[in-house]
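Structure, as structure tokens:
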Amino acid sequence: MRDIIMEYLYEGSKLPYQRFIKKSVPWTVSASELITYPNTSLGFHLGCFLLKYRFELQPKLENHDVFHVLTETGISVPEEIGMQYYLLGNGKRSIYGYAVILLGTLLYPDYIRYFSSTFKKGKKALPFHQLDFSKLLQQSISRFKTTFLIH
């Protein structure tokens, strides 16, 4: 039931968030184009992630999928909440992130140790949440993770 509540809230908030809050320019690349990038690149790994889960890049929300790839976070509801904790630890501050963390913590108190560990991982990594990933898709994912201490 709690998964349904969180997914309902996400679906209801996604379009207003894209339209009124996110100021970024949508990317013009598709998953099928990303998998043509070098096998070691961030873009290739992003393309594989999208194809694995049968996702398409959501306009203005592309960084979210990059965060999944870099942090190796799954797509279950608790993992999505955990990723928001990771990003908070990494310095990302947003009303949307705070809302997910608040509701997620209330609905998933049994995951508090997982949330705490992801927060700590985000704190240990150098800040990367603010980067323009559309310009970094050709970069080596392993070098990127090493440079930013993403484990």
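We label chains A, B, ... in the order they appear in the structure tokens, count residues from 1 in each chain, and number ligands from 1 in the order shown.
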
Please list as a PDB file with N, CA, C and O atoms, in the first residue's frame every residue within 12 Å of Ile35 (chain A), counting only C-alpha atoms and excluding residues in the same chain fewer than 2 positions away.
ATOM      1  N   VAL A  29      18.887  13.615 -26.631  1.00  0.00           N
ATOM      2  CA  VAL A  29      19.462  12.306 -26.907  1.00  0.00           C
ATOM      3  C   VAL A  29      18.508  11.215 -26.407  1.00  0.00           C
ATOM      4  O   VAL A  29      17.790  11.419 -25.431  1.00  0.00           O
ATOM      5  N   SER A  30      18.495  10.095 -27.088  1.00  0.00           N
ATOM      6  CA  SER A  30      17.629   8.980 -26.704  1.00  0.00           C
ATOM      7  C   SER A  30      18.469   7.831 -26.148  1.00  0.00           C
ATOM      8  O   SER A  30      19.696   7.803 -26.319  1.00  0.00           O
ATOM      9  N   ALA A  31      17.794   6.870 -25.532  1.00  0.00           N
ATOM     10  CA  ALA A  31      18.488   5.697 -24.992  1.00  0.00           C
ATOM     11  C   ALA A  31      19.210   4.940 -26.098  1.00  0.00           C
ATOM     12  O   ALA A  31      20.350   4.484 -25.912  1.00  0.00           O
ATOM     13  N   SER A  32      18.578   4.819 -27.267  1.00  0.00           N
ATOM     14  CA  SER A  32      19.215   4.092 -28.363  1.00  0.00           C
ATOM     15  C   SER A  32      20.465   4.819 -28.869  1.00  0.00           C
ATOM     16  O   SER A  32      21.411   4.184 -29.330  1.00  0.00           O
ATOM     17  N   GLU A  33      20.502   6.133 -28.766  1.00  0.00           N
ATOM     18  CA  GLU A  33      21.713   6.886 -29.127  1.00  0.00           C
ATOM     19  C   GLU A  33      22.786   6.726 -28.043  1.00  0.00           C
ATOM     20  O   GLU A  33      23.976   6.602 -28.363  1.00  0.00           O
ATOM     21  N   TYR A  37      27.490   5.228 -27.484  1.00  0.00           N
ATOM     22  CA  TYR A  37      28.646   5.887 -26.889  1.00  0.00           C
ATOM     23  C   TYR A  37      29.676   4.814 -26.501  1.00  0.00           C
ATOM     24  O   TYR A  37      29.338   3.632 -26.385  1.00  0.00           O
ATOM     25  N   PRO A  38      30.918   5.201 -26.242  1.00  0.00           N
ATOM     26  CA  PRO A  38      31.926   4.219 -25.814  1.00  0.00           C
ATOM     27  C   PRO A  38      31.455   3.423 -24.591  1.00  0.00           C
ATOM     28  O   PRO A  38      30.807   3.978 -23.687  1.00  0.00           O
ATOM     29  N   ASN A  39      31.799   2.133 -24.568  1.00  0.00           N
ATOM     30  CA  ASN A  39      31.332   1.229 -23.500  1.00  0.00           C
ATOM     31  C   ASN A  39      31.699   1.684 -22.095  1.00  0.00           C
ATOM     32  O   ASN A  39      31.051   1.292 -21.133  1.00  0.00           O
ATOM     33  N   THR A  40      32.731   2.467 -21.973  1.00  0.00           N
ATOM     34  CA  THR A  40      33.184   2.918 -20.658  1.00  0.00           C
ATOM     35  C   THR A  40      32.567   4.258 -20.251  1.00  0.00           C
ATOM     36  O   THR A  40      32.826   4.744 -19.156  1.00  0.00           O
ATOM     37  N   SER A  41      31.760   4.842 -21.117  1.00  0.00           N
ATOM     38  CA  SER A  41      31.253   6.202 -20.876  1.00  0.00           C
ATOM     39  C   SER A  41      30.015   6.223 -19.991  1.00  0.00           C
ATOM     40  O   SER A  41      29.251   5.253 -19.907  1.00  0.00           O
ATOM     41  N   LEU A  42      29.822   7.359 -19.376  1.00  0.00           N
ATOM     42  CA  LEU A  42      28.612   7.600 -18.591  1.00  0.00           C
ATOM     43  C   LEU A  42      27.378   7.467 -19.473  1.00  0.00           C
ATOM     44  O   LEU A  42      26.375   6.866 -19.072  1.00  0.00           O
ATOM     45  N   GLY A  43      27.440   7.997 -20.687  1.00  0.00           N
ATOM     46  CA  GLY A  43      26.307   7.926 -21.609  1.00  0.00           C
ATOM     47  C   GLY A  43      25.907   6.501 -21.937  1.00  0.00           C
ATOM     48  O   GLY A  43      24.718   6.158 -21.942  1.00  0.00           O
ATOM     49  N   PHE A  44      26.893   5.648 -22.207  1.00  0.00           N
ATOM     50  CA  PHE A  44      26.607   4.243 -22.508  1.00  0.00           C
ATOM     51  C   PHE A  44      25.906   3.582 -21.324  1.00  0.00           C
ATOM     52  O   PHE A  44      24.901   2.891 -21.488  1.00  0.00           O
ATOM     53  N   HIS A  45      26.427   3.797 -20.131  1.00  0.00           N
ATOM     54  CA  HIS A  45      25.843   3.187 -18.933  1.00  0.00           C
ATOM     55  C   HIS A  45      24.438   3.731 -18.657  1.00  0.00           C
ATOM     56  O   HIS A  45      23.563   2.982 -18.218  1.00  0.00           O
ATOM     57  N   LEU A  46      24.236   4.995 -18.944  1.00  0.00           N
ATOM     58  CA  LEU A  46      22.893   5.569 -18.809  1.00  0.00           C
ATOM     59  C   LEU A  46      21.939   4.908 -19.806  1.00  0.00           C
ATOM     60  O   LEU A  46      20.814   4.532 -19.456  1.00  0.00           O
ATOM     61  N   GLY A  47      22.384   4.746 -21.053  1.00  0.00           N
ATOM     62  CA  GLY A  47      21.563   4.080 -22.060  1.00  0.00           C
ATOM     63  C   GLY A  47      21.208   2.668 -21.655  1.00  0.00           C
ATOM     64  O   GLY A  47      20.057   2.224 -21.812  1.00  0.00           O
ATOM     65  N   CYS A  48      22.172   1.933 -21.122  1.00  0.00           N
ATOM     66  CA  CYS A  48      21.918   0.560 -20.660  1.00  0.00           C
ATOM     67  C   CYS A  48      20.889   0.544 -19.531  1.00  0.00           C
ATOM     68  O   CYS A  48      19.995  -0.308 -19.501  1.00  0.00           O
ATOM     69  N   PHE A  49      21.021   1.485 -18.597  1.00  0.00           N
ATOM     70  CA  PHE A  49      20.060   1.594 -17.492  1.00  0.00           C
ATOM     71  C   PHE A  49      18.645   1.825 -18.035  1.00  0.00           C
ATOM     72  O   PHE A  49      17.693   1.151 -17.629  1.00  0.00           O
ATOM     73  N   LEU A  50      18.524   2.756 -18.949  1.00  0.00           N
ATOM     74  CA  LEU A  50      17.212   3.081 -19.518  1.00  0.00           C
ATOM     75  C   LEU A  50      16.615   1.876 -20.244  1.00  0.00           C
ATOM     76  O   LEU A  50      15.421   1.575 -20.073  1.00  0.00           O
ATOM     77  N   LEU A  51      17.418   1.199 -21.032  1.00  0.00           N
ATOM     78  CA  LEU A  51      16.915   0.035 -21.775  1.00  0.00           C
ATOM     79  C   LEU A  51      16.587  -1.131 -20.845  1.00  0.00           C
ATOM     80  O   LEU A  51      15.584  -1.820 -21.043  1.00  0.00           O
ATOM     81  N   LYS A  52      17.405  -1.340 -19.838  1.00  0.00           N
ATOM     82  CA  LYS A  52      17.172  -2.427 -18.878  1.00  0.00           C
ATOM     83  C   LYS A  52      15.798  -2.310 -18.235  1.00  0.00           C
ATOM     84  O   LYS A  52      15.078  -3.291 -18.081  1.00  0.00           O
ATOM     85  N   LEU A 137      28.492  13.127 -20.837  1.00  0.00           N
ATOM     86  CA  LEU A 137      28.079  11.780 -21.228  1.00  0.00           C
ATOM     87  C   LEU A 137      29.187  10.967 -21.884  1.00  0.00           C
ATOM     88  O   LEU A 137      29.158   9.732 -21.843  1.00  0.00           O
ATOM     89  N   GLN A 138      30.171  11.629 -22.486  1.00  0.00           N
ATOM     90  CA  GLN A 138      31.283  10.928 -23.129  1.00  0.00           C
ATOM     91  C   GLN A 138      32.379  10.541 -22.125  1.00  0.00           C
ATOM     92  O   GLN A 138      33.283   9.782 -22.460  1.00  0.00           O
TER      93      GLN A 138
END

Inset, instruction - Find the spatial neighbours of region 75-91 of chain A, counting only C-alpha atoms, within a cut-off of 8 Å - ignore same-chain residues fewer than 4 positions away - and output them as a PyMOL selection string. - result: chain A and resi 3+6-7+67-68+71+97+100-101+104+108+111+114-116+118-129

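Considering the residues A:Gln130, A:Ser117, A:Thr105, A:Asn63 and counting only C-alpha atoms, Arg93 (chain A) has its shortest atom-to-atom contact with A:Gln130.
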
Legend entry - DSSP-assigned helix (DSSP H, G or I) members of chain A, reported as a PyMOL selection string: chain A and resi 2-21+31-34+42-52+62-71+77-89+95-107+109-124+133-135+141-147

Inset, instruction - Check the smallest atom-to-atom distance from each of A:Pro109, A:Leu103, A:Gly74, A:Pro26 to Phe133 (chain A) using only C-alpha atoms, then report the winner. - result: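 With only C-alpha atoms as the atom set, the closest residue is A:Pro26.
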
Legend entry - Residue nearest Leu34 (chain A) - candidates A:Leu149, A:Ile5, A:Tyr96, A:Leu57, atoms counted: only C-alpha atoms: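 With only C-alpha atoms as the atom set, the closest residue is A:Leu57.
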
Inset, instruction - Work out how far CA of Arg113 (chain A) is from CA of Asp65 (chain A), in Å to one decimal. - result: 23.6 Å

Legend entry - Residue contacts of Trp27 (chain A) (8 Å, only C-alpha atoms) excluding same-chain residues fewer than 3 positions away, as a list in words: Pro59, Lys60, Glu62 and Ser134 of chain A

Just the selected residues (C-alpha atoms), exported as a PDB file, in the first residue's frame, please.
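So part_16.pdb came out as:
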ATOM      1  CA  PRO A  59      12.418  15.926 -20.194  1.00  0.00           C
ATOM      2  CA  LYS A  60      14.176  18.115 -17.620  1.00  0.00           C
ATOM      3  CA  GLU A  62      17.419  13.426 -17.007  1.00  0.00           C
ATOM      4  CA  SER A 134      24.477  16.457 -20.635  1.00  0.00           C
TER       5      SER A 134
END
